[in-house]
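What follows is a single structure, written as structure tokens, with notes after it.
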Amino acid sequence: MTEPTVRPVILAAENLIKDFRVSQRGRVLTSRRNFRAVDDVTLTVREAETVGLVGESGSGKSTTARMVGRLVDVTAGRVRLGDLDVTTATGPALREFRRSVQFVFQDPYSSLNPRQNVEELVSAPLRYQGISTLAGSVTRVKELMERVGLDPDHSRRYPAQFSGGQAQRIGIARAIACNPKMIICDEPVSALDVSVQAQVLRLLSDLQDDFGFSYLFISHDLAVVRQVAQRVCVMQDGKIVEEGERDQIFAEPRHDYTRTLLAAVPTIPAEWERERRTREGSDDRQPS
Ligand SMILES: Nc1ncnc2c1ncn2[C@@H]1O[C@H](COP(=O)(O)OP(=O)(O)OP(=O)(O)O)[C@@H](O)[C@H]1O
Ligand SMILES: [Mg+2]
């Protein structure tokens, strides 16, 4: 067996904390108190690596992702992308961060503006970054559509004219338009049928092979995470309670909570397992 190669860290989140002010209704007065949704989370993502973040609903996965991608501010802690302190970045540095780190969300229909066609949706990051105009990005959009398995002739169609899986491909095309370093996938296949899930996971993994993207991949579904992640972080009540190589987490979970999560995993479809083995067989050929 070849030694696993350790790739350079591209993103580091250090001691992230997020408090929300929440209302608490008493018998007479409504008071406000702090609720700690993310409690001292530290994680790293390496080049061309997929880190799975799992945990049950409300454990703080999305809030962590949103701090990492600077969609919300941290209460405390720091995020670094290479030399950049993401937490305090402004101006051109923040713009460059927005290019380098993209998101794919769970529900493509609600994350894509229904009044924009594919051309407008996919070219949006190119326009925001000042890389291209709408007219100038027509060829690039068609190229991206082809790359994610969509018919480039459908570039003037609207999200509602696509199936869920196809709509998620639009979201993926948009995420890769500006050649990001990292893509934060927040439950990217949770709204899709199992057979469509497998196809979209396959696409994400092919794109990683071709372009070297890193993924922070969030899911409440361990079967999905097992399919894509090399490393797994398990979250419970705002904390990472266990972290390790995928095979270690699945074969010898150390934390009780991980065992509970694993016990709740439905059987992994046989075709998924076959596909994962095939893919990993081919991975062995490319030490880096
Ligand atoms: N804006 C907010 N204001 C107050 N509380 C919030 C806010 N956003 C999230 N929370 C709370 O923080 C906790 C973590 O939420 P988060 O969305 O990060 O969980 P999650 O692990 O992504 O869950 P799910 O699997 O359901 O998506 C939850 O208890 C949630 O209710
Ligand atoms: Mg979430």
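Naming scheme: A, B, ... for chains in displayed order of the structure tokens; residues 1 onward per chain; ligands 1 onward as shown.
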### Query
Can you list, as number ranges by chain, every protein, DNA or RNA residue that comes within 8 Å of A:Gln168 when you count only C-alpha atoms, leaving out same-chain residues fewer than 2 positions away?
A: 107-108, 164-166, 170-172, 188, 200
Next, the residues of the selection above should be written as a compact mmCIF listing (two decimals), in the first residue's frame with N, CA and C atoms.
# COMPACT_ATOMS: atom_id res chain seq x y z
N ASP A 107 -30.80 23.28 -1.86
CA ASP A 107 -31.95 23.35 -2.75
C ASP A 107 -31.64 24.27 -3.92
N PRO A 108 -31.36 23.68 -5.10
CA PRO A 108 -30.95 24.53 -6.22
C PRO A 108 -32.03 25.53 -6.62
N GLY A 164 -34.44 18.57 -10.70
CA GLY A 164 -33.64 18.91 -9.52
C GLY A 164 -32.15 18.66 -9.73
N GLY A 165 -31.83 17.50 -10.29
CA GLY A 165 -30.43 17.15 -10.53
C GLY A 165 -29.78 18.10 -11.53
N GLN A 166 -30.54 18.44 -12.58
CA GLN A 166 -30.00 19.38 -13.57
C GLN A 166 -29.82 20.76 -12.96
N ILE A 170 -26.51 23.32 -12.55
CA ILE A 170 -26.37 24.77 -12.84
C ILE A 170 -25.62 25.43 -11.69
N GLY A 171 -26.03 25.08 -10.47
CA GLY A 171 -25.36 25.65 -9.28
C GLY A 171 -23.88 25.29 -9.25
N ILE A 172 -23.57 24.08 -9.68
CA ILE A 172 -22.17 23.64 -9.71
C ILE A 172 -21.40 24.38 -10.80
N PRO A 188 -25.41 19.20 -0.61
CA PRO A 188 -25.67 19.44 -2.03
C PRO A 188 -26.56 18.40 -2.69
N VAL A 200 -24.60 13.21 -9.16
CA VAL A 200 -24.06 14.52 -8.79
C VAL A 200 -22.77 14.35 -7.97
Each residue of chain A with at least one atom at most 10 Å from ligand 2 should appear once, together with its nearest atom pair and the corresponding distance in Å (one decimal); atoms considered: only C-alpha atoms and all ligand atoms; ordering: chain, then increasing residue number; output as a tab-separated table.
residue	atom	partner	partner_atom_place_in_ligand_line	distance
A:Val54	CA	ligand 2	1 (Mg)	9.9
A:Gly55	CA	ligand 2	1 (Mg)	9.4
A:Glu56	CA	ligand 2	1 (Mg)	9.0
A:Ser57	CA	ligand 2	1 (Mg)	6.8
A:Gly58	CA	ligand 2	1 (Mg)	7.0
A:Ser59	CA	ligand 2	1 (Mg)	8.2
A:Gly60	CA	ligand 2	1 (Mg)	7.0
A:Lys61	CA	ligand 2	1 (Mg)	5.5
A:Ser62	CA	ligand 2	1 (Mg)	4.0
A:Thr63	CA	ligand 2	1 (Mg)	7.2
A:Thr64	CA	ligand 2	1 (Mg)	9.2
A:Ala65	CA	ligand 2	1 (Mg)	8.7
A:Arg66	CA	ligand 2	1 (Mg)	9.7
A:Phe105	CA	ligand 2	1 (Mg)	9.4
A:Gln106	CA	ligand 2	1 (Mg)	8.7
A:Asp186	CA	ligand 2	1 (Mg)	6.7
A:Glu187	CA	ligand 2	1 (Mg)	7.2
A:Ile218	CA	ligand 2	1 (Mg)	7.8
A:Ser219	CA	ligand 2	1 (Mg)	7.9
A:His220	CA	ligand 2	1 (Mg)	8.3
### Message
Can you pull out the residues contacting A:Asn15? Cut-off 8 Å, using only C-alpha atoms, and skip same-chain residues under 4 positions away; I want them as a PyMOL selection string.
### Response
chain A and resi 39-42+76-78
### Query
Which one of A:Pro152, A:Pro125, A:Gly212, A:Gly244 sits closest to A:Val138 if you count only C-alpha atoms?
A:Pro152
### Query
What's the 12 Å shell around A:Ala135, counting only C-alpha atoms, without same-chain residues fewer than 2 positions away, as number ranges by chain?
A: 119-120, 123-124, 126-127, 131-133, 137-141
### Query
Taking only C-alpha atoms and all ligand atoms into account, which of A:Leu94, A:Ala37, A:Val79, A:Ala175 comes nearest ligand 1?
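Once distances to ligand 1 are computed over only C-alpha atoms and all ligand atoms, the minimum belongs to A:Ala37.
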### Query
What is the atom CA of A:Asp221 to atom CA of A:Ile17 distance in Å?
24.0 Å
### Query
Just how far from atom CA of A:Ala191 is atom CA of A:Pro159, in Å to one decimal?
15.1 Å
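Between atom CA of A:Arg7 and atom CA of A:Arg226 the interatomic distance comes to 20.1 Å.
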### Query
Which residue gives the smallest distance to ligand 1 among A:Gly149, A:Pro92, A:Gly130, A:Gly238, with only C-alpha atoms and all ligand atoms counted?
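Nearest candidate to ligand 1 out of A:Gly149, A:Pro92, A:Gly130, A:Gly238: A:Gly238.
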### Query
Tell me, which residues of stretch 74-276 of chain A carry DSSP strand (DSSP E or B), written as a ChimeraX atom specification?
/A:76-81,84-85,101-104,182-186,214-219,231-236,239-245
Residue selection dump (N, CA and C atoms) as a compact mmCIF listing (two decimals), in the first residue's frame:
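Result file follows (out-v1.txt):
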# COMPACT_ATOMS: atom_id res chain seq x y z
N ALA A 76 -16.07 34.75 17.49
CA ALA A 76 -14.64 34.70 17.83
C ALA A 76 -14.00 33.64 16.96
N GLY A 77 -12.69 33.72 16.85
CA GLY A 77 -11.96 32.75 16.05
C GLY A 77 -11.48 33.37 14.75
N ARG A 78 -10.84 32.54 13.94
CA ARG A 78 -10.21 33.07 12.76
C ARG A 78 -10.26 32.05 11.63
N VAL A 79 -10.39 32.56 10.40
CA VAL A 79 -10.32 31.70 9.23
C VAL A 79 -9.17 32.21 8.37
N ARG A 80 -8.33 31.31 7.92
CA ARG A 80 -7.24 31.69 7.03
C ARG A 80 -7.31 30.90 5.75
N LEU A 81 -7.13 31.60 4.63
CA LEU A 81 -7.00 30.94 3.33
C LEU A 81 -5.61 31.31 2.83
N LEU A 84 -4.10 34.74 3.68
CA LEU A 84 -5.15 35.74 3.91
C LEU A 84 -5.92 35.48 5.20
N ASP A 85 -6.03 36.51 6.05
CA ASP A 85 -6.91 36.42 7.21
C ASP A 85 -8.31 36.78 6.73
N VAL A 101 -13.42 30.91 -2.94
CA VAL A 101 -14.26 30.00 -2.16
C VAL A 101 -15.71 30.17 -2.58
N GLN A 102 -16.27 29.12 -3.11
CA GLN A 102 -17.64 29.17 -3.64
C GLN A 102 -18.54 28.23 -2.84
N PHE A 103 -19.84 28.40 -3.01
CA PHE A 103 -20.81 27.56 -2.30
C PHE A 103 -21.71 26.79 -3.27
N VAL A 104 -22.08 25.60 -2.87
CA VAL A 104 -23.20 24.91 -3.52
C VAL A 104 -24.16 24.54 -2.39
N MET A 182 -11.66 26.32 -3.52
CA MET A 182 -12.43 25.48 -2.62
C MET A 182 -13.92 25.70 -2.82
N ILE A 183 -14.69 24.63 -2.69
CA ILE A 183 -16.14 24.75 -2.79
C ILE A 183 -16.76 24.18 -1.51
N ILE A 184 -17.59 25.00 -0.89
CA ILE A 184 -18.29 24.56 0.31
C ILE A 184 -19.64 24.02 -0.13
N CYS A 185 -19.83 22.73 0.04
CA CYS A 185 -21.07 22.08 -0.41
C CYS A 185 -21.92 21.81 0.82
N ASP A 186 -23.01 22.54 0.97
CA ASP A 186 -23.87 22.37 2.15
C ASP A 186 -25.07 21.51 1.77
N SER A 214 -10.75 21.77 -3.55
CA SER A 214 -10.96 21.21 -2.22
C SER A 214 -12.44 21.38 -1.89
N TYR A 215 -12.99 20.42 -1.19
CA TYR A 215 -14.39 20.53 -0.79
C TYR A 215 -14.52 20.46 0.73
N LEU A 216 -15.32 21.37 1.27
CA LEU A 216 -15.84 21.16 2.62
C LEU A 216 -17.25 20.68 2.37
N PHE A 217 -17.50 19.42 2.70
CA PHE A 217 -18.73 18.77 2.26
C PHE A 217 -19.60 18.44 3.45
N ILE A 218 -20.73 19.16 3.54
CA ILE A 218 -21.60 19.01 4.69
C ILE A 218 -22.77 18.10 4.40
N SER A 219 -23.02 17.18 5.31
CA SER A 219 -24.18 16.33 5.13
C SER A 219 -24.59 15.74 6.47
N ARG A 231 -11.50 12.79 4.71
CA ARG A 231 -11.45 13.02 6.15
C ARG A 231 -12.81 13.44 6.62
N VAL A 232 -13.14 13.10 7.86
CA VAL A 232 -14.48 13.39 8.36
C VAL A 232 -14.39 14.06 9.73
N CYS A 233 -15.19 15.13 9.90
CA CYS A 233 -15.35 15.75 11.21
C CYS A 233 -16.80 15.54 11.64
N VAL A 234 -16.97 15.10 12.86
CA VAL A 234 -18.31 14.83 13.36
C VAL A 234 -18.71 15.93 14.34
N MET A 235 -19.83 16.59 14.10
CA MET A 235 -20.28 17.68 14.97
C MET A 235 -21.46 17.28 15.83
N GLN A 236 -21.42 17.73 17.07
CA GLN A 236 -22.55 17.56 17.97
C GLN A 236 -22.64 18.81 18.84
N LYS A 239 -19.94 21.45 18.57
CA LYS A 239 -18.52 21.07 18.74
C LYS A 239 -18.15 19.94 17.78
N ILE A 240 -16.87 19.90 17.41
CA ILE A 240 -16.38 18.72 16.69
C ILE A 240 -15.99 17.70 17.73
N VAL A 241 -16.71 16.58 17.77
CA VAL A 241 -16.46 15.59 18.82
C VAL A 241 -15.52 14.48 18.35
N GLU A 242 -15.38 14.36 17.03
CA GLU A 242 -14.47 13.35 16.51
C GLU A 242 -14.01 13.76 15.12
N GLU A 243 -12.76 13.46 14.83
CA GLU A 243 -12.21 13.81 13.54
C GLU A 243 -11.23 12.74 13.14
N GLY A 244 -11.24 12.34 11.88
CA GLY A 244 -10.28 11.32 11.46
C GLY A 244 -10.39 10.99 10.00
N GLU A 245 -9.52 10.08 9.57
CA GLU A 245 -9.58 9.58 8.21
C GLU A 245 -10.92 8.86 8.04
